[in-house]
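Colleague: Below is the file model_38.cif, with mmCIF, C-alpha atoms.
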data_data
loop_
_atom_site.label_atom_id
_atom_site.label_comp_id
_atom_site.auth_asym_id
_atom_site.auth_seq_id
_atom_site.Cartn_x
_atom_site.Cartn_y
_atom_site.Cartn_z
CA ASN A 976 -18.02 -60.41 -9.07
CA ILE A 977 -16.65 -63.95 -9.19
CA ASN A 978 -13.38 -64.99 -7.54
CA ILE A 979 -11.78 -68.40 -8.17
CA ASP A 980 -8.61 -68.78 -6.12
CA GLY A 981 -6.29 -71.57 -5.09
CA CYS A 982 -7.87 -74.45 -6.99
CA THR A 983 -6.23 -77.59 -8.35
CA LEU A 984 -7.99 -78.93 -11.45
CA TYR A 985 -6.80 -82.19 -12.99
CA GLY A 986 -8.02 -84.40 -15.82
CA SER A 987 -11.16 -82.54 -16.92
CA ARG A 988 -12.61 -83.75 -20.19
CA ARG A 989 -13.18 -80.50 -22.13
CA GLN A 990 -11.86 -77.45 -20.26
CA GLY A 991 -10.41 -76.70 -16.87
CA ILE A 992 -12.45 -73.50 -16.40
CA SER A 993 -14.92 -72.00 -18.91
CA VAL A 994 -16.13 -68.40 -18.65
CA VAL A 995 -19.14 -67.81 -20.90
CA ASN A 996 -20.82 -64.76 -19.35
CA GLY A 997 -19.89 -62.34 -16.59
CA ASP A 998 -18.27 -59.14 -15.35
CA ASN A 999 -15.47 -58.63 -12.80
CA ILE A 1000 -14.05 -62.13 -12.74
CA SER A 1001 -10.79 -63.11 -11.06
CA ILE A 1002 -9.04 -66.48 -11.51
CA SER A 1003 -5.81 -66.77 -9.55
CA ASN A 1004 -3.33 -69.12 -7.91
CA CYS A 1005 -4.68 -72.26 -9.61
CA GLU A 1006 -2.93 -75.28 -11.09
CA ILE A 1007 -4.71 -76.79 -14.08
CA SER A 1008 -3.35 -79.84 -15.89
CA TYR A 1009 -4.05 -82.82 -18.12
CA ILE A 1010 -7.17 -81.49 -19.87
CA LEU A 1011 -7.11 -84.24 -22.48
CA GLY A 1012 -10.65 -85.24 -23.50
CA THR A 1013 -12.73 -83.35 -26.08
CA ASP A 1014 -11.60 -80.16 -27.86
CA PRO A 1015 -10.81 -77.39 -27.14
CA ARG A 1016 -9.00 -78.88 -24.09
CA PHE A 1017 -7.69 -75.59 -22.67
CA ALA A 1018 -6.89 -74.93 -19.05
CA ILE A 1019 -8.99 -71.74 -19.15
CA ASP A 1020 -11.40 -70.77 -21.92
CA ILE A 1021 -12.90 -67.26 -22.10
CA GLU A 1022 -15.70 -67.70 -24.64
CA PRO A 1023 -19.09 -65.95 -24.44
CA ASN A 1024 -22.07 -67.49 -26.18
CA GLU A 1025 -24.28 -65.65 -28.67
CA ASP A 1026 -25.36 -62.18 -27.44
CA GLU A 1027 -23.41 -62.60 -24.20
CA ILE A 1028 -20.61 -60.53 -22.65
CA VAL A 1029 -17.43 -61.40 -20.79
CA LYS A 1030 -15.53 -58.37 -19.52
CA ASN A 1031 -13.14 -57.25 -16.80
CA VAL A 1032 -11.40 -60.60 -16.33
CA THR A 1033 -8.09 -61.05 -14.53
CA ILE A 1034 -6.19 -64.33 -14.84
CA ASP A 1035 -3.20 -64.21 -12.50
CA ARG A 1036 -0.56 -66.68 -11.28
CA ILE A 1037 -1.99 -69.72 -13.04
CA VAL A 1038 0.12 -72.82 -13.62
CA ALA A 1039 -1.16 -74.72 -16.66
CA HIS A 1040 0.51 -77.77 -18.14
CA HIS A 1041 -0.15 -80.90 -20.22
CA CYS A 1042 -3.31 -79.54 -21.87
CA LYS A 1043 -3.92 -78.86 -25.55
CA GLY A 1044 -3.69 -75.18 -24.71
CA GLY A 1045 -3.14 -72.93 -21.75
CA ILE A 1046 -5.54 -69.99 -22.06
CA SER A 1047 -7.95 -69.18 -24.90
CA ILE A 1048 -9.73 -65.87 -25.38
CA VAL A 1049 -12.46 -66.48 -27.94
CA GLY A 1050 -14.93 -64.12 -29.58
CA ILE A 1051 -16.60 -66.14 -32.31
CA ALA A 1052 -20.29 -66.20 -31.32
CA LYS A 1053 -22.70 -63.77 -32.94
CA ASN A 1054 -22.89 -60.40 -31.16
CA SER A 1055 -20.61 -61.59 -28.38
CA ILE A 1056 -18.27 -59.20 -26.55
CA VAL A 1057 -14.92 -59.97 -24.95
CA SER A 1058 -13.32 -56.92 -23.37
CA ASN A 1059 -10.76 -55.96 -20.72
CA VAL A 1060 -8.96 -59.25 -20.14
CA ILE A 1061 -5.61 -59.43 -18.35
CA VAL A 1062 -3.47 -62.58 -18.33
CA ALA A 1063 -0.49 -62.02 -16.03
CA ASN A 1064 2.20 -63.88 -14.11
CA CYS A 1065 1.19 -67.30 -15.44
CA TYR A 1066 3.42 -70.30 -16.12
CA ILE A 1067 2.26 -72.37 -19.10
CA SER A 1068 4.20 -75.43 -20.24
CA ASN A 1069 4.05 -78.66 -22.21
CA CYS A 1070 0.81 -77.96 -24.06
CA THR A 1071 0.28 -79.77 -27.34
CA LYS A 1072 -0.77 -76.71 -29.37
CA ASP A 1073 -1.04 -73.19 -27.88
CA GLY A 1074 0.18 -71.37 -24.85
CA ILE A 1075 -2.30 -68.52 -25.31
CA TYR A 1076 -4.76 -68.30 -28.21
CA ILE A 1077 -6.78 -65.18 -29.06
CA VAL A 1078 -9.34 -65.72 -31.82
CA GLY A 1079 -12.44 -63.98 -33.14
CA THR A 1080 -14.68 -63.72 -36.18
CA SER A 1081 -16.59 -60.97 -37.94
CA ALA A 1082 -19.77 -62.13 -36.16
CA ASN A 1083 -18.71 -60.87 -32.74
CA LYS A 1084 -19.08 -57.25 -31.67
CA GLU A 1085 -15.87 -56.70 -29.74
CA LEU A 1086 -12.62 -58.49 -28.99
CA ASN A 1087 -10.49 -55.81 -27.42
CA ASN A 1088 -8.41 -54.48 -24.55
CA ILE A 1089 -6.49 -57.70 -23.95
CA SER A 1090 -3.20 -57.64 -22.07
CA ILE A 1091 -0.80 -60.61 -21.95
CA LYS A 1092 2.04 -59.67 -19.57
CA ASN A 1093 4.74 -61.13 -17.34
CA ASN A 1094 4.02 -64.74 -18.33
CA THR A 1095 6.37 -67.65 -18.99
CA ILE A 1096 5.41 -70.02 -21.80
CA ILE A 1097 7.57 -73.07 -22.51
CA GLN A 1098 6.69 -75.61 -25.21
CA ASP A 1099 8.88 -78.66 -25.67
CA ASN A 1100 9.36 -80.67 -28.86
CA ASP A 1101 6.58 -83.22 -29.40
CA THR A 1102 6.98 -85.58 -32.34
CA ASP A 1103 3.24 -86.36 -32.32
CA GLN A 1104 2.28 -82.71 -32.88
CA SER A 1105 2.92 -80.84 -36.14
CA ASP A 1106 3.04 -77.28 -34.82
CA LYS A 1107 3.07 -75.29 -31.57
CA TYR A 1108 2.77 -71.65 -30.60
CA GLY A 1109 3.44 -69.47 -27.60
CA VAL A 1110 0.89 -66.72 -28.31
CA ARG A 1111 -1.35 -66.98 -31.38
CA ILE A 1112 -3.60 -64.07 -32.40
CA ASN A 1113 -6.24 -64.46 -35.12
CA PRO A 1114 -8.88 -61.78 -34.53
CA LEU A 1115 -10.89 -62.38 -37.72
CA ASN A 1116 -10.61 -66.11 -38.30
CA ASP A 1117 -13.34 -66.20 -40.96
CA ILE A 1118 -11.78 -63.53 -43.20
CA THR A 1119 -8.75 -64.61 -45.20
CA SER A 1120 -7.90 -61.26 -46.80
CA TYR A 1121 -7.20 -57.91 -45.16
CA THR A 1122 -10.56 -56.14 -44.78
CA PRO A 1123 -10.44 -52.81 -42.88
CA SER A 1124 -14.24 -52.50 -42.81
CA ALA A 1125 -14.48 -55.76 -40.87
CA TYR A 1126 -12.80 -54.28 -37.80
CA ASP A 1127 -15.37 -51.88 -36.45
CA ARG A 1128 -14.70 -52.23 -32.70
CA ARG A 1129 -13.21 -55.69 -32.97
CA ALA A 1130 -9.62 -56.71 -32.38
CA GLU A 1131 -8.36 -53.49 -30.81
CA MET A 1132 -5.79 -52.90 -28.09
CA ILE A 1133 -4.08 -56.27 -27.81
CA ILE A 1134 -0.78 -55.94 -25.93
CA ILE A 1135 1.87 -58.64 -25.45
CA GLU A 1136 4.55 -57.43 -23.01
CA ASN A 1137 7.30 -58.62 -20.65
CA ASN A 1138 6.81 -62.31 -21.40
CA THR A 1139 9.39 -65.07 -21.72
CA ILE A 1140 8.43 -67.51 -24.47
CA SER A 1141 10.43 -70.53 -25.61
CA ILE A 1142 9.17 -72.97 -28.26
CA GLU A 1143 11.23 -76.05 -29.12
CA GLN A 1144 8.84 -77.57 -31.68
CA THR A 1145 10.30 -77.94 -35.19
CA ILE A 1146 7.32 -76.15 -36.80
CA SER A 1147 6.63 -73.35 -34.40
CA ALA A 1148 6.45 -69.67 -33.56
CA GLY A 1149 6.87 -67.94 -30.25
CA VAL A 1150 4.28 -65.37 -31.34
CA ILE A 1151 2.21 -65.37 -34.53
CA LEU A 1152 -0.02 -62.54 -35.73
CA TYR A 1153 -2.46 -63.46 -38.49
CA LEU A 1154 -3.41 -61.39 -41.51
CA ASN A 1155 -6.16 -59.31 -39.92
CA CYS A 1156 -4.20 -58.28 -36.84
CA LYS A 1157 -4.16 -54.52 -36.57
CA GLY A 1158 -2.47 -52.36 -33.99
CA VAL A 1159 -1.14 -55.25 -31.88
CA VAL A 1160 1.69 -54.14 -29.58
CA VAL A 1161 4.50 -56.63 -28.81
CA ARG A 1162 7.08 -55.10 -26.47
CA ASP A 1163 9.80 -55.97 -23.95
CA ASN A 1164 9.58 -59.74 -24.47
CA THR A 1165 12.21 -62.46 -24.80
CA ILE A 1166 10.99 -64.88 -27.45
CA SER A 1167 12.68 -67.91 -28.98
CA GLY A 1168 11.47 -70.45 -31.51
CA VAL A 1169 13.08 -73.17 -33.58
CA SER A 1170 11.23 -72.12 -36.75
CA PHE A 1171 10.30 -68.51 -35.94
CA ALA A 1172 10.59 -66.37 -32.87
CA ILE A 1173 7.74 -64.28 -34.30
CA GLN A 1174 5.68 -64.26 -37.50
CA LEU A 1175 4.17 -60.88 -38.30
CA ARG A 1176 1.25 -60.27 -40.61
CA GLY A 1177 -1.38 -57.56 -40.67
CA HIS A 1178 -1.37 -53.77 -40.46
CA ASP A 1179 -0.09 -51.08 -38.10
CA ASN A 1180 1.42 -53.49 -35.58
CA ILE A 1181 4.11 -52.22 -33.19
CA ILE A 1182 7.05 -54.47 -32.29
CA ARG A 1183 9.41 -52.75 -29.84
CA ASN A 1184 12.29 -53.56 -27.44
CA ASN A 1185 12.11 -57.35 -27.80
CA HIS A 1186 14.89 -59.94 -27.84
CA PHE A 1187 14.13 -62.45 -30.59
CA ILE A 1188 16.12 -65.69 -30.62
CA GLY A 1189 15.27 -67.23 -33.97
CA SER A 1190 13.92 -65.81 -37.20
CA VAL A 1191 11.59 -62.85 -37.45
CA SER A 1192 9.22 -62.98 -40.41
CA CYS A 1193 7.38 -59.82 -41.46
CA GLU A 1194 6.02 -61.07 -44.77
CA ASN A 1195 2.51 -59.72 -45.46
CA SER A 1196 3.02 -56.91 -42.94
CA HIS A 1197 2.01 -53.35 -43.76
CA ASN A 1198 2.96 -50.16 -41.94
CA LEU A 1199 4.89 -52.25 -39.42
CA LYS A 1200 6.83 -50.44 -36.69
CA LEU A 1201 9.87 -52.57 -35.84
CA GLU A 1202 11.89 -50.61 -33.28
CA ASN A 1203 14.86 -51.33 -30.96
CA ASN A 1204 14.66 -55.12 -31.16
CA ILE A 1205 17.49 -57.67 -31.03
CA ILE A 1206 16.98 -59.83 -34.12
CA ASN A 1207 19.08 -62.77 -35.34
CA ASN A 1208 17.48 -63.21 -38.75
CA LEU A 1209 14.91 -60.96 -40.45
CA ILE A 1210 12.73 -62.25 -43.32
CA CYS A 1211 10.63 -59.70 -45.22
CA ASP A 1212 8.94 -59.61 -48.62
#
Would you mind writing the file's structure down as structure tokens?
Modeller:
Amino acid sequence: NINIDGCTLYGSRRQGISVVNGDNISISNCEISYILGTDPRFAIDIEPNEDEIVKNVTIDRIVAHHCKGGISIVGIAKNSIVSNVIVANCYISNCTKDGIYIVGTSANKELNNISIKNNTIIQDNDTDQSDKYGVRINPLNDITSYTPSAYDRRAEMIIIENNTISIEQTISAGVILYLNCKGVVVRDNTISGVSFAIQLRGHDNIIRNNHFIGSVSCENSHNLKLENNIINNLICD
């Protein structure tokens, strides 16, 4: 039962706020900026250590800018659990890499029930950075081929909805789903990107009622449900 509200955090070396263990955590109405020291350099990092649990987290009305990334949700430690995380009504801009990054490995127990909704993510063009993303989802970072048995209870129920995402970087994607994404729902968003509005990989993902300004790539997608979207350019294998 931890509540962080109304803070201004500027110039931290590694993270703005790190959450490594806990239940019923609320972070709201904060401005976090210029996290520019040692990686990962995110405004907020949800990342339990080995055998620890972070669950029931609400991140609401955060302004994050001029960091490497806005919000990271990380399940890479052995037997760690990340569950029931909501990121809503946030404004993330001018980060050098990611707006929101969700990443896990086969070592963690659970990375599930994550909702990214009603956020605005704006990334400008930065000639010193090779690539940028609005929302990047890589639930099994250590597995480079599709492996259904690796899922277990990991990487379930990730929903991206009602967000406005604009990425001006030359090499970029508004949303990118990596190969082992399964059952991710992307709905009711407006997403634009110079390279790709969205890159879709993985299995059984649902992409519905979005407005994509820029290319949509569904190469290496299987059993993809692509329904009622506005699409300028569709690239499929």
Colleague: Of the candidates A:Ser1147, A:Thr1013, A:Ser1047, A:Asn976, which one gets nearest to A:Ile992 if we count only C-alpha atoms?
Modeller: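 Result for the nearest residue to A:Ile992: A:Ser1047.
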Colleague: To test your reading of the syntax: which residues would the PyMOL selection byres ((chain A and resi 1019) around 8) return for the file shown? Reply as a list of chain:residue names.
Modeller: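 Selection result, ordered by chain and number: A:Gln990, A:Gly991, A:Ile992, A:Ser993, A:Val994, A:Phe1017, A:Ala1018, A:Asp1020, A:Ile1021, A:Gly1045, A:Ile1046, A:Ser1047.
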Colleague: When you count only C-alpha atoms, which of these residues is closest to A:Lys1157: A:Ser1170, A:Asn1185, A:Asn1113, A:Asn1054?
Modeller: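 Under the stated criterion, the closest residue is A:Asn1113.
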Colleague: Residue by residue, what does the PyMOL selection byres ((chain A and resi 986) around 6) grab here? Present the result as an MDAnalysis selection string.
Modeller: chainID A and resid 985 987 1009:1010
Colleague: Based on the selection just made, write C-alpha atoms of those residues as a PDB file, keeping the file's coordinate frame.
Modeller:
ATOM      1  CA  TYR A 985      -6.800 -82.190 -12.990  1.00  0.00           C
ATOM      2  CA  SER A 987     -11.160 -82.540 -16.920  1.00  0.00           C
ATOM      3  CA  TYR A1009      -4.050 -82.820 -18.120  1.00  0.00           C
ATOM      4  CA  ILE A1010      -7.170 -81.490 -19.870  1.00  0.00           C
TER       5      ILE A1010
END
Colleague: Which residue is closest to A:Lys1043? Choose from A:Asn1093, A:Asp1026, A:Asp1106, A:Ser1058 and count only C-alpha atoms.
Modeller: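 Ranked by minimum distance to A:Lys1043, first place goes to A:Asp1106.
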Colleague: Name the residues captured by the PyMOL selection byres ((chain A and resi 1176) around 9) when it is applied to the shown file; answer as a PyMOL selection string.
Modeller: chain A and resi 1151-1157+1174-1175+1177-1178+1180+1192-1197+1199
Colleague: Tell me, as an NGL selection string, which residues lie within 8 Å of A:Leu1115, counting only C-alpha atoms; anything in the same chain fewer than 4 positions away does not count.
Modeller: :A and (1078-1081 or 1130 or 1155-1156)
Colleague: If you take every atom of stretch 1146-1159 of chain A that the file lists and fit an axis-aligned box around them with 5 Å extra on each side, what centre and edge lengths come out in Å to one decimal, as AutoDock Vina command-line options?
Modeller:
--center_x 0.6 --center_y -64.3 --center_z -35.9 --size_x 23.5 --size_y 33.8 --size_z 21.3
Colleague: Which residue gives the smallest distance to A:Pro1023 among A:Val995, A:Cys1070, A:Ala1148, A:Ile1061, with all atoms listed in the file counted?
Modeller: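 Using all atoms listed in the file, the shortest distance to A:Pro1023 belongs to A:Val995.
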Colleague: Using all atoms listed in the file, find the one residue out of A:Ser1068, A:Asn1083, A:Thr1033, A:Gln1098 that sits nearest to A:Ser1055.
Modeller: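 Of A:Ser1068, A:Asn1083, A:Thr1033, A:Gln1098, the one nearest A:Ser1055, counting all atoms listed in the file, is A:Asn1083.
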Colleague: My list of candidates is A:Asn999, A:Asn1100, A:Asn1116, A:Asn1204. Which is closest to A:Thr1145 when distances are computed with all atoms listed in the file?
Modeller: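 So, comparing all the options, the nearest one is A:Asn1100.
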Colleague: Do you know which residues are at most 7 Å from A:Ala1082 counting all atoms listed in the file, after dropping those on the same chain fewer than 5 positions away, and could you put them as a ChimeraX atom specification?
Modeller: /A:1051-1054
Colleague: Grab the atom CA of A:Asn1184 to atom CA of A:Ser1141 distance for me, in Å with one decimal place.
Modeller: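 For atom CA of A:Asn1184 relative to atom CA of A:Ser1141, the distance reads 17.2 Å.
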Colleague: So which residues touch stretch 1001-1006 of chain A within 6 Å, counting all atoms listed in the file, skipping near sequence neighbours fewer than 3 positions away, as a ChimeraX atom specification?
Modeller: /A:978-983,1032-1039
Colleague: Output as a compact mmCIF listing (two decimals), in the coordinates of the input: stretch 1186-1209 of chain A, completed with N, CA, C and O atoms.
Modeller:
# COMPACT_ATOMS: atom_id res chain seq x y z
N HIS A 1186 13.73 -59.12 -27.49
CA HIS A 1186 14.89 -59.94 -27.84
C HIS A 1186 14.36 -61.20 -28.52
O HIS A 1186 13.72 -62.04 -27.88
N PHE A 1187 14.61 -61.32 -29.81
CA PHE A 1187 14.13 -62.45 -30.59
C PHE A 1187 15.28 -63.41 -30.84
O PHE A 1187 16.30 -63.04 -31.44
N ILE A 1188 15.13 -64.65 -30.39
CA ILE A 1188 16.12 -65.69 -30.62
C ILE A 1188 15.49 -66.65 -31.63
O ILE A 1188 14.64 -67.47 -31.30
N GLY A 1189 15.92 -66.54 -32.87
CA GLY A 1189 15.27 -67.23 -33.97
C GLY A 1189 14.83 -66.22 -35.01
O GLY A 1189 14.99 -65.01 -34.84
N SER A 1190 14.27 -66.69 -36.08
CA SER A 1190 13.92 -65.81 -37.20
C SER A 1190 12.71 -64.95 -36.90
O SER A 1190 11.80 -65.35 -36.18
N VAL A 1191 12.72 -63.76 -37.49
CA VAL A 1191 11.59 -62.85 -37.45
C VAL A 1191 11.07 -62.70 -38.87
O VAL A 1191 11.80 -62.27 -39.76
N SER A 1192 9.82 -63.08 -39.10
CA SER A 1192 9.22 -62.98 -40.41
C SER A 1192 8.20 -61.85 -40.41
O SER A 1192 7.29 -61.83 -39.58
N CYS A 1193 8.36 -60.90 -41.33
CA CYS A 1193 7.38 -59.82 -41.46
C CYS A 1193 6.78 -59.80 -42.86
O CYS A 1193 6.39 -58.75 -43.38
N GLU A 1194 6.70 -60.96 -43.49
CA GLU A 1194 6.02 -61.07 -44.77
C GLU A 1194 4.52 -60.79 -44.57
O GLU A 1194 3.93 -61.19 -43.57
N ASN A 1195 3.92 -60.11 -45.52
CA ASN A 1195 2.51 -59.72 -45.46
C ASN A 1195 2.22 -58.76 -44.31
O ASN A 1195 1.12 -58.74 -43.75
N SER A 1196 3.23 -57.97 -43.92
CA SER A 1196 3.02 -56.91 -42.94
C SER A 1196 3.00 -55.57 -43.65
O SER A 1196 3.76 -55.34 -44.60
N HIS A 1197 2.15 -54.67 -43.16
CA HIS A 1197 2.01 -53.35 -43.76
C HIS A 1197 2.04 -52.30 -42.66
O HIS A 1197 1.41 -52.46 -41.62
N ASN A 1198 2.81 -51.25 -42.90
CA ASN A 1198 2.96 -50.16 -41.94
C ASN A 1198 3.42 -50.70 -40.58
O ASN A 1198 2.94 -50.29 -39.52
N LEU A 1199 4.36 -51.63 -40.63
CA LEU A 1199 4.89 -52.25 -39.42
C LEU A 1199 5.92 -51.33 -38.77
O LEU A 1199 6.81 -50.81 -39.45
N LYS A 1200 5.82 -51.17 -37.45
CA LYS A 1200 6.83 -50.44 -36.69
C LYS A 1200 7.69 -51.45 -35.94
O LYS A 1200 7.25 -52.07 -34.98
N LEU A 1201 8.93 -51.61 -36.40
CA LEU A 1201 9.87 -52.57 -35.84
C LEU A 1201 11.02 -51.76 -35.25
O LEU A 1201 11.89 -51.28 -35.96
N GLU A 1202 11.02 -51.59 -33.91
CA GLU A 1202 11.89 -50.61 -33.28
C GLU A 1202 12.67 -51.22 -32.10
O GLU A 1202 12.08 -51.84 -31.21
N ASN A 1203 14.00 -51.03 -32.11
CA ASN A 1203 14.86 -51.33 -30.96
C ASN A 1203 14.78 -52.79 -30.51
O ASN A 1203 14.80 -53.08 -29.31
N ASN A 1204 14.69 -53.70 -31.47
CA ASN A 1204 14.66 -55.12 -31.16
C ASN A 1204 16.03 -55.75 -31.43
O ASN A 1204 16.80 -55.27 -32.25
N ILE A 1205 16.33 -56.83 -30.70
CA ILE A 1205 17.49 -57.67 -31.03
C ILE A 1205 16.98 -58.81 -31.90
O ILE A 1205 16.13 -59.59 -31.49
N ILE A 1206 17.50 -58.89 -33.13
CA ILE A 1206 16.98 -59.83 -34.12
C ILE A 1206 18.15 -60.60 -34.73
O ILE A 1206 19.13 -60.02 -35.20
N ASN A 1207 18.06 -61.94 -34.72
CA ASN A 1207 19.08 -62.77 -35.34
C ASN A 1207 18.93 -62.85 -36.85
O ASN A 1207 19.93 -62.78 -37.58
N ASN A 1208 17.71 -63.01 -37.33
CA ASN A 1208 17.48 -63.21 -38.75
C ASN A 1208 16.13 -62.60 -39.12
O ASN A 1208 15.10 -62.97 -38.56
N LEU A 1209 16.13 -61.66 -40.06
CA LEU A 1209 14.91 -60.96 -40.45
C LEU A 1209 14.53 -61.39 -41.86
O LEU A 1209 15.33 -61.34 -42.79
